[in-house]
Each structure stands twice: as structure tokens, then as C-alpha cells.
Amino acid sequence: MGRVTNVVVAGLGGQGAIKASDILADAACRAGFDVKKAEIHGMSQRGGSVTSDVRFGDEVLSPMVPRGEADFAVVLEATQVEVVRPVLRQGGLCFGPDFLDEKALPNRKSLNVALLGALSHHLDIPEPCWLEAVKAALPERLHELNEKAFAAGREAAARQGR
Amino acid sequence: MERKLLSGDEAVALAALDAGVALGTGYPGTPSTEILETLAELGGRAQWAPNEKVALEVGIGAAFAGARVLVTMKHVGVNVAADPLFTAAYTGVSGALVLVSADDPGMASSQNEQDNRRYSVAAGVPMLEPSDSQEAYDFLLAAMSLSERHKMPVMLRMTTRVCHSKTLVERRGGFPAARAPSFERDIAGRVMVPGYARPAHKKLRARLDEIQKENEKSPLNLWKKGDPRLGIITHGITWEHVQEAAPGASAFRIGTVYPLPLEQLRAFARSVERCLVIEEGDPFFVEQLRSAGIAVEGKPEMYRFGELNVERVRRIVAGDVSPEPPPLKATPPRLCDACPYHPVYGTLARLDCIVAGDIGCYTLGVMEPYRAMDSCVAMGASMGVGLGLRHVLPEQQARRVVSIIGDSTFVHSGINGLVEMVYNPPATGHVVIVLDNGTTAMTGQQEHPGTGRTIEHDATNKFSIEGFARASGVKHVDTVDPVADPGGFERLLKERLAGNDISMIVARRACILAAADIRKWDKQNAEKAEAGGCGGAC
Ligand SMILES: Cc1ncc(C[n+]2csc(CCOP(=O)(O)OP(=O)(O)O)c2C)c(N)n1
């Protein structure tokens, strides 16, 4: 089995965690990787916590990221950052809501896509695949705003070198 | 062909479409709900039934007529549908009938974690179980063809992780076209009076023997040759965990859960030094294999509970029974801030009611600050449980008992309890509160008979909850908007609790998450009706 990249996306219901993991999985798929994505939905809409696992590489087996093996965590809710921490491997990176200055965002709702932008700086997925995935996941009226959010996240990560 | 990232549920829906299914029916329930929703979106014919028993019966009828049919439900739904299921195994079908049972090990969204593999043996219904979305697609086609060839219902068992995980799926072509439905009389085959049922049972066992032989050669089972020192027998999503946790081991992945390919499994067990069964849930395979005289090692009892994953499979292989690290701390769900149920639960808490509860979003009334629910057992159970409490409690306590039930749940199986209330009224009477938020909110806002809209949100005949209660003989039937008039609701409830009559209060106010959509659909349907000039339901 070749190397598999493991990402965990977390937040509270309604914050767009699942949407973000859908976009990530689709982008990886467009880049030609084998992809699996797992999450528990159900009562999540009622404000409960949501985590979604995305794994991609040459061949992915289990769809769930084993604890301590996530390369990246994308966390949309400040209170969830410490909760999610145990999923990360040593040296794994966490992008929390404070990664970006709120003023850099077109609006608060686009935090999920902005953090994907930051994540994208570290992943071997070409930018066009990301943008196509963002567009495919959202209605047209939100395209421009989310492309901006994505770019803001990507630039912030490039600036910080992480 | 193009590969698409699909959930197991979406893959099943796509396969049903490609298999030429004439009808998909079922009742919502996580994690099965998206199957019929997707089938409808893809342009297939799908519909929600009031409950799982009715869904399966509609499916049986269509399959008697020669159609290919898909019926979907969550694991506990099969309990509701079990009565027709066990006898449909005797009658068999003329077309094809596949029943999807979506199990929920770990109870992400369920009241128990029953293992429905046991139903296959109990009912004598062949069962297949896929491990990912591609297999969900392929196994649905295989199940249809198995059902059609052997003229009997077939179950496809899935679990939450297979239903909801997304993996790549390639569509296949070339499934043979379905026959056009047409009635052929078969009285001895379908009328299960004892004289016909006795030979039918024998026929069922003969069919199962045939399928057992087929399953010995079935490509749905996978034998992976590896290190002969360790052999793992597994199934479903666990197969994926096993490949990751023990990549070098020999493995046998069971796809045909019932009847089992016992000779293959015997040979596999013989080919390895240590033969370990790693299965999620009950020790179902372990029991079957041991009773066939195949010596296998099972998992320690602590792994019966909850889902398996890569870490747990590693521990099972290592024989590690030390305490596991606690799960990540989850934030529990709660009623939405603007949920119309708040004033109702406020009243129930203030009046210190004894609340026979039920299943839906409204079960969250059990949480702080209300703690206003005293039981939740099964869908519809609030009715009977409330009546039972009333029958035997001392009068002062009996007077505090109410049954509380959602609109979808009332139509699902509260109706039977209402009939019981009319027939055997407690001495102090009884009060039923129906929380009608105009949708099946819990499972993601599905329509039901009481909304008057179909799965595609088109207008259809509307079942009237109040009308039904009045016609049944319930003495007082009132409707209140608990948000517009919370005081009125509380006064009314007090008055009803003080009397000795049987009564129903319908607390009607749309779900805050669904309200905008409901308005949109009603407007669209009204416009359509005007344009068509025929009331929409013609
Ligand atoms: C036999 C069975 N079928 C399906 C389910 C899944 N399920 C749980 S609650 C529910 C319906 C909830 O709808 P409703 O009664 O309208 O209450 P709401 O969630 O809208 O408050 C369903 C379908 C179940 N638990 N048991």
C-alpha cells in the first residue's frame, strides 16, 4: 500500500464540516487518487459535534482514520480543537478557526473553504482540482465568495510557511 | 467507465435504477434513509410508506406481480416488518424482492445495536453483505438476480459505515431487462393456510440448500492467501480494517452471510494455524462455524460493543483486553434554539408530568433543562407504555401520565396505541400529545402521510391526525400552536389531566429547519394545481 494522506475535519452541526470534507474528497478524486470518506451523520444537524475522515492515496482500505494517524486536522469550532487533537500523529498539523484573521474572510460561513485553502498548501492536489470541487459543491451565487475564501486561506498558509 | 465518489446508500440507489427496479419503498431511518431519497432524485419510482411493515407488504405485492422491488429500512425497522418477512420466505416471489437492512453498530443514531444477520437464519432469507460502495452497487445487483433466480426475498445487510462512507464506484451495464408485471394466480404458493404452508416450508429449506451450494463457489466471498500462521474470517466494513491492521495475514471475507459457504470456511480454517473470526457485533459467524464443527477463535467479549475500527482490530489480533482509551469527547445534540417543542417541554416539566416518550427529535426533551421524558423504548411505544402506567399507578400519579409522540411516529405505529386507548381506557382517562412539526425531522426532514406530500414533495392525499382520532372515538381532540399560545397549551393540558376522559392535543407548529421548504413546496403545489386545475392529486 502506497502512502495514504489522512485528514480529519471537525466542527459542530451546521458549520459546514461535512461540506468541507466533501470538497476535499472530490478534489482528491479529481486529482486521480483513490479516496474514502467516513463520517457519522444523524443527529448532527441538532448542533452536536461532527467529525469527518478523508483518506486518499494509491489505495485506501479502512475509510476511518485511526487515532494518532491523522496528518492534518481542519477544525471549524474553537472548542473542538483540543477535543480533536488526539487524532493527529506526531508532527501532524491542525488548522483551527484562529488560523485566519476573521477580517481576511469574505464572511464567517466561508471559514470551511478558507481552511481548505490553507490545507491545500500542504497537499499534492493541483489547484484546478480544488476549484472545480468547490464549484461542484456549492450553488453558483456562492462561487466567487468561496474562491476568495479559498485563496485567502491558501495565501495565509504560504505566508506562514505552514 | 467514469468512477464516482458515492456513499453506500447512493450506490444501492444507483444499482436499483440500473437493475430496472419498478418500485422502491421503505420508511426513513438512519442510516438507510438516503437510499430512497437518491432513487427518487435519479428518476426511479420511490415512495415512503407509513411504516416498515407496510413497506415490505407493498413490496411483496409488487414482487408477486413479477416486478423487481427494493425495500429499505434501518435495523429496528426489520422488527416492525418481521411478521410478513418470515412468511414471505415461504411464499417466495415471482419477480425479485431485495430488503435492505441498515444496521447501526455503535448506535450513532439508534436505540439499540441489534445485529440483523440473525434475521437471515431466523427467517430463512439469504443475506449478502458488502464492504464498500462499489460492492454495495454490485451486491444489490447480485441480490436482485439471486432473488429472481430462486424466487425468494433476499436481504442486503449494510452498516452505518458502509451506508455513509463514500468510496469510488463504477457503474456496470448489461443487467437483463425486467419482465413486465402481470398477474399469475398461484393460490397454493401464496395463501399460507397450514395446508399450503407446510409444503412451502419444505420448499424453502430445499431452496436454501441449493443456495448454500451456490455460495460455496460465489465470487462474493474473497479468500486472500497470506501468512499461514494467522487466518482471519471477517465481513462488511471490518474487512477493510482487517486489511489495514493485519496486511500479511490470510483472510476470508464473507459476502454471503447466509447461507454460509461452510466447506470453503472449513478449508480456510484448516489452511491456517490460528483461525480468528473478527466480526462486528454479535458472535454470529463464531456460533455458526462452531456448530458446523469448525474450530475458530472469537473476539473477546468487550469488542461485541460498538463499532470496530483499525485500532480495535489490531487489539483483537494481539489478544489485548486492556481498557481502551475513551472516545473523543462529543458534544451531544440538543433541540434547536427556535424549536417549537421548547414551550411544550417547559409545560411538561412545570406540571411534573410522567412522560411516556417516543422516538424523534422530541426525545431530546429528556436533556437539560427539561428532563421531561421518562421512557423511550421503540417507535409508537409511548402510547401503550403511557396506558400501562395509567392502568396500575395510584390515582394521583396516574393523573400525571401523558404520552408524547411525533407526527411521523404517530402515523408509523402510534395509531395502534390510539385504538388501544379507545378500547381499554384507563379509569383516569389519558392524554396524548402529538408534536406535529410537519415533517420527519429526526432523520432529515422526510415527508409522511400526515404532510400530504410525497417523497418528491408533490401534493397527495393528506392523512388527518385529528380526523383519525375523532373518528376512532377519542373524546376531546384539540389543536394548539405551542409557540403562538404557550399559555393556552398549558391551560388545556391541565384541564385534560384533571378530567377522566381520553383526549388528544395536537401541538402543531412547523419544524424550524423545515418551515421554509414546507412553504416553498406548498406554494409550488398550489401553483401546479391551479395550472392543472385538478387539485393536484388527480
Ligand atoms: C422502527 C423504526 N423505524 C425508524 C426509526 C428511525 N426514526 C427515529 S425517530 C423517527 C421519526 C421521527 O419523526 P417524528 O415522529 O415526526 O418526530 P420529529 O423528529 O419530527 O420530532 C424515525 C423515522 C426508528 N427509530 N425505529
# chains A, B, ... in the order shown; residues from 1 in each chain; ligands from 1
$ residues_near_ligand --ligand "ligand 1" --cutoff "8 Å" --atoms "only C-alpha atoms and all ligand atoms" --output "ChimeraX atom specification"
/B:27-30,51-52,73-80,110-111,358-363,378-379,405-410,435-443,445,511
$ closest_atom_pairs --of "chain A" --to "chain B" --cutoff "8 Å" --atoms "only C-alpha atoms" --output "CSV"
residue,atom,partner,partner_atom,distance
A:Leu12,CA,B:Thr331,CA,7.9
A:Asp26,CA,B:Leu5,CA,7.3
A:Cys29,CA,B:Leu5,CA,7.6
A:Asp34,CA,B:Leu168,CA,7.4
A:Val35,CA,B:Thr167,CA,6.2
A:Lys36,CA,B:Thr167,CA,4.8
A:Lys37,CA,B:Lys166,CA,5.0
A:Ala38,CA,B:Ser165,CA,4.3
A:Glu39,CA,B:Ser165,CA,6.5
A:Ile40,CA,B:Ala108,CA,6.7
A:His41,CA,B:Ala108,CA,7.9
A:Gly42,CA,B:Ser109,CA,5.7
A:Met43,CA,B:Pro333,CA,6.3
A:Ser44,CA,B:Pro333,CA,6.6
A:Gln45,CA,B:Pro333,CA,7.8
A:Arg46,CA,B:Pro333,CA,5.0
A:Gly47,CA,B:Pro333,CA,5.3
A:Gly48,CA,B:Pro333,CA,3.9
A:Ser49,CA,B:Thr331,CA,4.9
A:Leu61,CA,B:Glu240,CA,5.0
A:Ser62,CA,B:Glu240,CA,4.6
A:Pro63,CA,B:Ser165,CA,6.8
A:Met64,CA,B:Asn309,CA,7.2
A:Pro66,CA,B:Val310,CA,6.1
A:Arg67,CA,B:Glu311,CA,7.6
A:Val83,CA,B:Lys329,CA,6.2
A:Val84,CA,B:Leu328,CA,7.0
A:Pro86,CA,B:Leu328,CA,7.9
$ write_last_selection --atoms "N, CA and C atoms" --output "tab-separated table (two decimals), in the first residue's frame"
chain	number	residue	atom	x	y	z
A	12	LEU	N	-19.09	21.70	14.68
A	12	LEU	CA	-20.41	21.41	15.22
A	12	LEU	C	-21.40	21.40	14.06
A	26	ASP	N	-13.66	15.21	-3.08
A	26	ASP	CA	-13.88	15.38	-4.52
A	26	ASP	C	-12.61	15.88	-5.19
A	29	CYS	N	-10.22	13.11	-5.56
A	29	CYS	CA	-10.72	12.21	-6.60
A	29	CYS	C	-10.39	12.77	-7.98
A	34	ASP	N	-7.16	7.30	-5.16
A	34	ASP	CA	-8.22	6.53	-4.52
A	34	ASP	C	-8.61	7.33	-3.27
A	35	VAL	N	-9.90	7.41	-3.00
A	35	VAL	CA	-10.37	8.25	-1.90
A	35	VAL	C	-11.44	7.50	-1.10
A	36	LYS	N	-11.41	7.66	0.20
A	36	LYS	CA	-12.55	7.22	1.02
A	36	LYS	C	-12.84	8.29	2.05
A	37	LYS	N	-14.12	8.37	2.39
A	37	LYS	CA	-14.53	9.41	3.32
A	37	LYS	C	-15.56	8.80	4.25
A	38	ALA	N	-15.40	9.04	5.53
A	38	ALA	CA	-16.33	8.45	6.51
A	38	ALA	C	-16.77	9.49	7.50
A	39	GLU	N	-18.03	9.41	7.86
A	39	GLU	CA	-18.49	10.30	8.93
A	39	GLU	C	-19.75	9.69	9.51
A	40	ILE	N	-20.10	10.21	10.66
A	40	ILE	CA	-21.37	9.81	11.25
A	40	ILE	C	-22.28	11.01	11.10
A	41	HIS	N	-23.35	10.91	10.29
A	41	HIS	CA	-24.35	11.95	10.40
A	41	HIS	C	-25.49	11.37	11.19
A	42	GLY	N	-26.60	11.99	11.16
A	42	GLY	CA	-27.66	11.51	12.02
A	42	GLY	C	-28.15	12.71	12.78
A	43	MET	N	-27.77	12.78	14.04
A	43	MET	CA	-28.31	13.88	14.84
A	43	MET	C	-27.45	15.14	14.74
A	44	SER	N	-26.47	15.11	13.84
A	44	SER	CA	-25.50	16.20	13.79
A	44	SER	C	-26.15	17.55	13.50
A	45	GLN	N	-27.27	17.51	12.78
A	45	GLN	CA	-27.92	18.78	12.45
A	45	GLN	C	-28.38	19.53	13.69
A	46	ARG	N	-28.56	18.79	14.79
A	46	ARG	CA	-29.06	19.41	16.01
A	46	ARG	C	-27.92	19.96	16.85
A	47	GLY	N	-26.85	20.45	16.18
A	47	GLY	CA	-25.80	21.14	16.91
A	47	GLY	C	-24.80	20.24	17.61
A	48	GLY	N	-24.90	18.92	17.42
A	48	GLY	CA	-23.92	18.02	18.02
A	48	GLY	C	-22.59	18.10	17.26
A	49	SER	N	-21.55	17.47	17.82
A	49	SER	CA	-20.26	17.52	17.14
A	49	SER	C	-20.25	16.59	15.94
A	61	LEU	N	-7.78	1.62	2.38
A	61	LEU	CA	-8.55	0.46	2.87
A	61	LEU	C	-9.66	0.95	3.80
A	62	SER	N	-9.42	0.95	5.10
A	62	SER	CA	-10.48	1.44	6.00
A	62	SER	C	-10.79	2.90	5.69
A	63	PRO	N	-12.08	3.27	5.73
A	63	PRO	CA	-12.42	4.68	5.49
A	63	PRO	C	-12.19	5.56	6.72
A	64	MET	N	-11.92	4.95	7.87
A	64	MET	CA	-11.78	5.73	9.10
A	64	MET	C	-10.31	5.93	9.44
A	66	PRO	N	-7.34	6.03	11.74
A	66	PRO	CA	-7.05	5.55	13.09
A	66	PRO	C	-6.54	6.69	13.97
A	67	ARG	N	-6.87	6.61	15.24
A	67	ARG	CA	-6.45	7.67	16.15
A	67	ARG	C	-4.92	7.77	16.17
A	83	VAL	N	-10.35	18.82	21.62
A	83	VAL	CA	-11.07	17.55	21.56
A	83	VAL	C	-10.53	16.67	20.44
A	84	VAL	N	-10.22	17.30	19.33
A	84	VAL	CA	-9.82	16.56	18.14
A	84	VAL	C	-8.33	16.20	18.16
A	86	PRO	N	-6.21	14.39	19.75
A	86	PRO	CA	-5.68	13.03	19.78
A	86	PRO	C	-5.70	12.29	18.44
$ residues_around --residues "A:Asn107" --least-positions-apart "3" --cutoff "10 Å" --atoms "only C-alpha atoms" --output "list in words"
Glu102, Lys103, Ala104, Ser110, Leu111, Leu145, Asn146 and Ala149 of chain A
$ residues_around --residues "A:Glu132" --least-positions-apart "3" --cutoff "9 Å" --atoms "only C-alpha atoms" --output "list in words"
Asp26, Ala27, Arg30, Glu127, Pro128, Cys129, Lys135, Ala136 and Ala137 of chain A
$ closest_residue --among "B:Val377, B:Ala197, B:Leu14, B:Ala292" --to "B:Glu34" --atoms "only C-alpha atoms"
B:Leu14
$ atom_distance --atom1 "atom CA of A:Leu93" --atom2 "atom CA of B:Arg315"
26.9 Å
$ select_by_dssp --residues "stretch 6-137 of chain A" --states "helix (DSSP H, G or I)" --output "PyMOL selection string"
chain A and resi 17-30+43-46+78-87+97-99+102-104+108-120+127-137
$ residues_around --residues "B:Leu230" --least-positions-apart "2" --cutoff "8 Å" --atoms "only C-alpha atoms" --output "list in words"
Asp227, Pro228, Ile232, Ala249, Ser250, Val272, Glu273, Arg274, Cys275 and Leu276 of chain B
$ write_last_selection --atoms "all heavy atoms" --output "PDB file, in the first residue's frame"
ATOM      1  N   ASP B 227      -0.006 -15.118   5.077  1.00  0.00           N
ATOM      2  CA  ASP B 227       0.737 -15.843   6.104  1.00  0.00           C
ATOM      3  C   ASP B 227      -0.119 -16.964   6.683  1.00  0.00           C
ATOM      4  O   ASP B 227      -1.204 -16.707   7.213  1.00  0.00           O
ATOM      5  CB  ASP B 227       1.112 -14.826   7.206  1.00  0.00           C
ATOM      6  CG  ASP B 227       2.061 -15.420   8.231  1.00  0.00           C
ATOM      7  OD1 ASP B 227       2.105 -16.672   8.344  1.00  0.00           O
ATOM      8  OD2 ASP B 227       2.742 -14.633   8.917  1.00  0.00           O
ATOM      9  N   PRO B 228       0.351 -18.223   6.593  1.00  0.00           N
ATOM     10  CA  PRO B 228      -0.491 -19.335   7.090  1.00  0.00           C
ATOM     11  C   PRO B 228      -0.566 -19.397   8.616  1.00  0.00           C
ATOM     12  O   PRO B 228      -1.346 -20.167   9.157  1.00  0.00           O
ATOM     13  CB  PRO B 228       0.203 -20.580   6.534  1.00  0.00           C
ATOM     14  CG  PRO B 228       1.624 -20.164   6.324  1.00  0.00           C
ATOM     15  CD  PRO B 228       1.615 -18.697   6.001  1.00  0.00           C
ATOM     16  N   ILE B 232      -7.838 -14.822   9.174  1.00  0.00           N
ATOM     17  CA  ILE B 232      -8.920 -14.026   9.766  1.00  0.00           C
ATOM     18  C   ILE B 232     -10.177 -14.177   8.915  1.00  0.00           C
ATOM     19  O   ILE B 232     -10.144 -13.965   7.703  1.00  0.00           O
ATOM     20  CB  ILE B 232      -8.524 -12.540   9.850  1.00  0.00           C
ATOM     21  CG1 ILE B 232      -7.289 -12.378  10.759  1.00  0.00           C
ATOM     22  CG2 ILE B 232      -9.684 -11.695  10.365  1.00  0.00           C
ATOM     23  CD1 ILE B 232      -6.743 -10.962  10.808  1.00  0.00           C
ATOM     24  N   ALA B 249      -1.755 -11.136   6.858  1.00  0.00           N
ATOM     25  CA  ALA B 249      -2.490 -12.328   7.274  1.00  0.00           C
ATOM     26  C   ALA B 249      -3.299 -12.939   6.126  1.00  0.00           C
ATOM     27  O   ALA B 249      -3.648 -12.263   5.161  1.00  0.00           O
ATOM     28  CB  ALA B 249      -3.436 -11.966   8.423  1.00  0.00           C
ATOM     29  N   SER B 250      -3.576 -14.220   6.241  1.00  0.00           N
ATOM     30  CA  SER B 250      -4.565 -14.834   5.357  1.00  0.00           C
ATOM     31  C   SER B 250      -5.934 -14.337   5.795  1.00  0.00           C
ATOM     32  O   SER B 250      -6.138 -14.073   6.980  1.00  0.00           O
ATOM     33  CB  SER B 250      -4.538 -16.357   5.489  1.00  0.00           C
ATOM     34  OG  SER B 250      -3.264 -16.850   5.156  1.00  0.00           O
ATOM     35  N   VAL B 272      -4.813 -22.608   8.025  1.00  0.00           N
ATOM     36  CA  VAL B 272      -4.049 -21.674   8.851  1.00  0.00           C
ATOM     37  C   VAL B 272      -3.839 -22.241  10.258  1.00  0.00           C
ATOM     38  O   VAL B 272      -4.613 -23.097  10.710  1.00  0.00           O
ATOM     39  CB  VAL B 272      -4.762 -20.298   8.952  1.00  0.00           C
ATOM     40  CG1 VAL B 272      -4.763 -19.597   7.609  1.00  0.00           C
ATOM     41  CG2 VAL B 272      -6.171 -20.450   9.503  1.00  0.00           C
ATOM     42  N   GLU B 273      -2.828 -21.735  10.932  1.00  0.00           N
ATOM     43  CA  GLU B 273      -2.560 -22.215  12.288  1.00  0.00           C
ATOM     44  C   GLU B 273      -3.562 -21.647  13.291  1.00  0.00           C
ATOM     45  O   GLU B 273      -4.121 -22.350  14.108  1.00  0.00           O
ATOM     46  CB  GLU B 273      -1.152 -21.785  12.727  1.00  0.00           C
ATOM     47  CG  GLU B 273      -0.075 -22.766  12.335  1.00  0.00           C
ATOM     48  CD  GLU B 273       1.302 -22.156  12.479  1.00  0.00           C
ATOM     49  OE1 GLU B 273       1.577 -21.535  13.539  1.00  0.00           O
ATOM     50  OE2 GLU B 273       2.096 -22.278  11.518  1.00  0.00           O
ATOM     51  N   ARG B 274      -3.733 -20.326  13.209  1.00  0.00           N
ATOM     52  CA  ARG B 274      -4.669 -19.672  14.130  1.00  0.00           C
ATOM     53  C   ARG B 274      -5.798 -19.085  13.295  1.00  0.00           C
ATOM     54  O   ARG B 274      -5.543 -18.278  12.400  1.00  0.00           O
ATOM     55  CB  ARG B 274      -3.933 -18.561  14.875  1.00  0.00           C
ATOM     56  CG  ARG B 274      -4.807 -17.738  15.796  1.00  0.00           C
ATOM     57  CD  ARG B 274      -4.015 -16.584  16.420  1.00  0.00           C
ATOM     58  NE  ARG B 274      -4.883 -15.756  17.251  1.00  0.00           N
ATOM     59  CZ  ARG B 274      -4.666 -14.462  17.502  1.00  0.00           C
ATOM     60  NH1 ARG B 274      -3.613 -13.851  16.994  1.00  0.00           N
ATOM     61  NH2 ARG B 274      -5.508 -13.784  18.257  1.00  0.00           N
ATOM     62  N   CYS B 275      -7.021 -19.527  13.544  1.00  0.00           N
ATOM     63  CA  CYS B 275      -8.144 -19.009  12.749  1.00  0.00           C
ATOM     64  C   CYS B 275      -9.016 -18.129  13.640  1.00  0.00           C
ATOM     65  O   CYS B 275      -9.703 -18.601  14.544  1.00  0.00           O
ATOM     66  CB  CYS B 275      -8.958 -20.154  12.155  1.00  0.00           C
ATOM     67  SG  CYS B 275     -10.182 -19.557  10.987  1.00  0.00           S
ATOM     68  N   LEU B 276      -8.978 -16.845  13.354  1.00  0.00           N
ATOM     69  CA  LEU B 276      -9.616 -15.843  14.208  1.00  0.00           C
ATOM     70  C   LEU B 276     -10.794 -15.224  13.461  1.00  0.00           C
ATOM     71  O   LEU B 276     -10.646 -14.807  12.311  1.00  0.00           O
ATOM     72  CB  LEU B 276      -8.560 -14.781  14.535  1.00  0.00           C
ATOM     73  CG  LEU B 276      -8.943 -13.550  15.332  1.00  0.00           C
ATOM     74  CD1 LEU B 276      -9.469 -13.936  16.703  1.00  0.00           C
ATOM     75  CD2 LEU B 276      -7.715 -12.638  15.480  1.00  0.00           C
TER      76      LEU B 276
END
$ select_by_dssp --residues "stretch 396-437 of chain B" --states "strand (DSSP E)" --output "MDAnalysis selection string"
chainID B and resid 401:406 430:436
$ write_last_selection --atoms "N, CA and C atoms" --output "PDB file, in the first residue's frame"
ATOM      1  N   VAL B 401     -49.712  11.189  34.048  1.00  0.00           N
ATOM      2  CA  VAL B 401     -49.111  10.495  32.903  1.00  0.00           C
ATOM      3  C   VAL B 401     -49.613  11.071  31.575  1.00  0.00           C
ATOM      4  N   VAL B 402     -48.682  11.380  30.686  1.00  0.00           N
ATOM      5  CA  VAL B 402     -49.040  11.721  29.303  1.00  0.00           C
ATOM      6  C   VAL B 402     -48.195  10.870  28.362  1.00  0.00           C
ATOM      7  N   SER B 403     -48.725  10.637  27.167  1.00  0.00           N
ATOM      8  CA  SER B 403     -47.928  10.045  26.093  1.00  0.00           C
ATOM      9  C   SER B 403     -47.583  11.161  25.140  1.00  0.00           C
ATOM     10  N   ILE B 404     -46.323  11.222  24.711  1.00  0.00           N
ATOM     11  CA  ILE B 404     -45.941  12.270  23.770  1.00  0.00           C
ATOM     12  C   ILE B 404     -45.312  11.615  22.555  1.00  0.00           C
ATOM     13  N   ILE B 405     -45.731  12.050  21.366  1.00  0.00           N
ATOM     14  CA  ILE B 405     -45.358  11.330  20.145  1.00  0.00           C
ATOM     15  C   ILE B 405     -45.295  12.305  18.965  1.00  0.00           C
ATOM     16  N   GLY B 406     -44.363  12.101  18.070  1.00  0.00           N
ATOM     17  CA  GLY B 406     -44.225  12.961  16.896  1.00  0.00           C
ATOM     18  C   GLY B 406     -45.239  12.622  15.827  1.00  0.00           C
ATOM     19  N   HIS B 430     -56.822   9.394  29.695  1.00  0.00           N
ATOM     20  CA  HIS B 430     -55.416   9.505  29.278  1.00  0.00           C
ATOM     21  C   HIS B 430     -55.281  10.714  28.359  1.00  0.00           C
ATOM     22  N   VAL B 431     -54.062  11.247  28.291  1.00  0.00           N
ATOM     23  CA  VAL B 431     -53.800  12.384  27.410  1.00  0.00           C
ATOM     24  C   VAL B 431     -52.635  12.054  26.489  1.00  0.00           C
ATOM     25  N   VAL B 432     -52.890  12.195  25.193  1.00  0.00           N
ATOM     26  CA  VAL B 432     -51.841  12.007  24.195  1.00  0.00           C
ATOM     27  C   VAL B 432     -51.510  13.357  23.587  1.00  0.00           C
ATOM     28  N   ILE B 433     -50.221  13.699  23.584  1.00  0.00           N
ATOM     29  CA  ILE B 433     -49.807  14.929  22.910  1.00  0.00           C
ATOM     30  C   ILE B 433     -49.095  14.527  21.621  1.00  0.00           C
ATOM     31  N   VAL B 434     -49.596  14.992  20.488  1.00  0.00           N
ATOM     32  CA  VAL B 434     -48.907  14.754  19.224  1.00  0.00           C
ATOM     33  C   VAL B 434     -48.142  16.017  18.867  1.00  0.00           C
ATOM     34  N   LEU B 435     -46.830  15.883  18.727  1.00  0.00           N
ATOM     35  CA  LEU B 435     -45.994  17.021  18.340  1.00  0.00           C
ATOM     36  C   LEU B 435     -45.922  17.033  16.821  1.00  0.00           C
ATOM     37  N   ASP B 436     -46.756  17.842  16.207  1.00  0.00           N
ATOM     38  CA  ASP B 436     -46.815  17.838  14.746  1.00  0.00           C
ATOM     39  C   ASP B 436     -46.009  19.013  14.200  1.00  0.00           C
TER      40      ASP B 436
END
$ residues_around --residues "A:Val134" --least-positions-apart "6" --cutoff "8 Å" --atoms "only C-alpha atoms" --output "list in words"
Ile23, Val113, His143, Asn146 and Glu147 of chain A
$ write_last_selection --atoms "C-alpha atoms" --output "CSV table (one decimal), in the first residue's frame"
chain,number,residue,atom,x,y,z
A,23,ILE,CA,-15.0,19.2,-1.3
A,113,VAL,CA,-13.5,26.6,2.5
A,143,HIS,CA,-18.7,30.6,-6.2
A,146,ASN,CA,-15.8,30.9,-1.8
A,147,GLU,CA,-13.0,31.1,-4.3
$ atom_distance --atom1 "atom CA of B:Arg496" --atom2 "atom CA of B:Pro343"
17.5 Å
$ atom_distance --atom1 "atom CA of B:Arg45" --atom2 "atom CA of B:Arg149"
23.2 Å
$ residues_around --residues "A:Phe150" --least-positions-apart "2" --cutoff "7 Å" --atoms "only C-alpha atoms" --output "count of residues only"
10
$ closest_residue --among "B:Phe64, B:Tyr303, B:Tyr119, B:Tyr137" --to "B:Asp9" --atoms "only C-alpha atoms"
B:Tyr137
$ closest_residue --among "B:Gly386, B:Pro369, B:Pro126, B:Gly532" --to "B:Gly357" --atoms "only C-alpha atoms"
B:Gly386
$ closest_residue --among "B:Leu220, B:Val411, B:Ala507, B:Val193" --to "B:Ile465" --atoms "only C-alpha atoms"
B:Val411
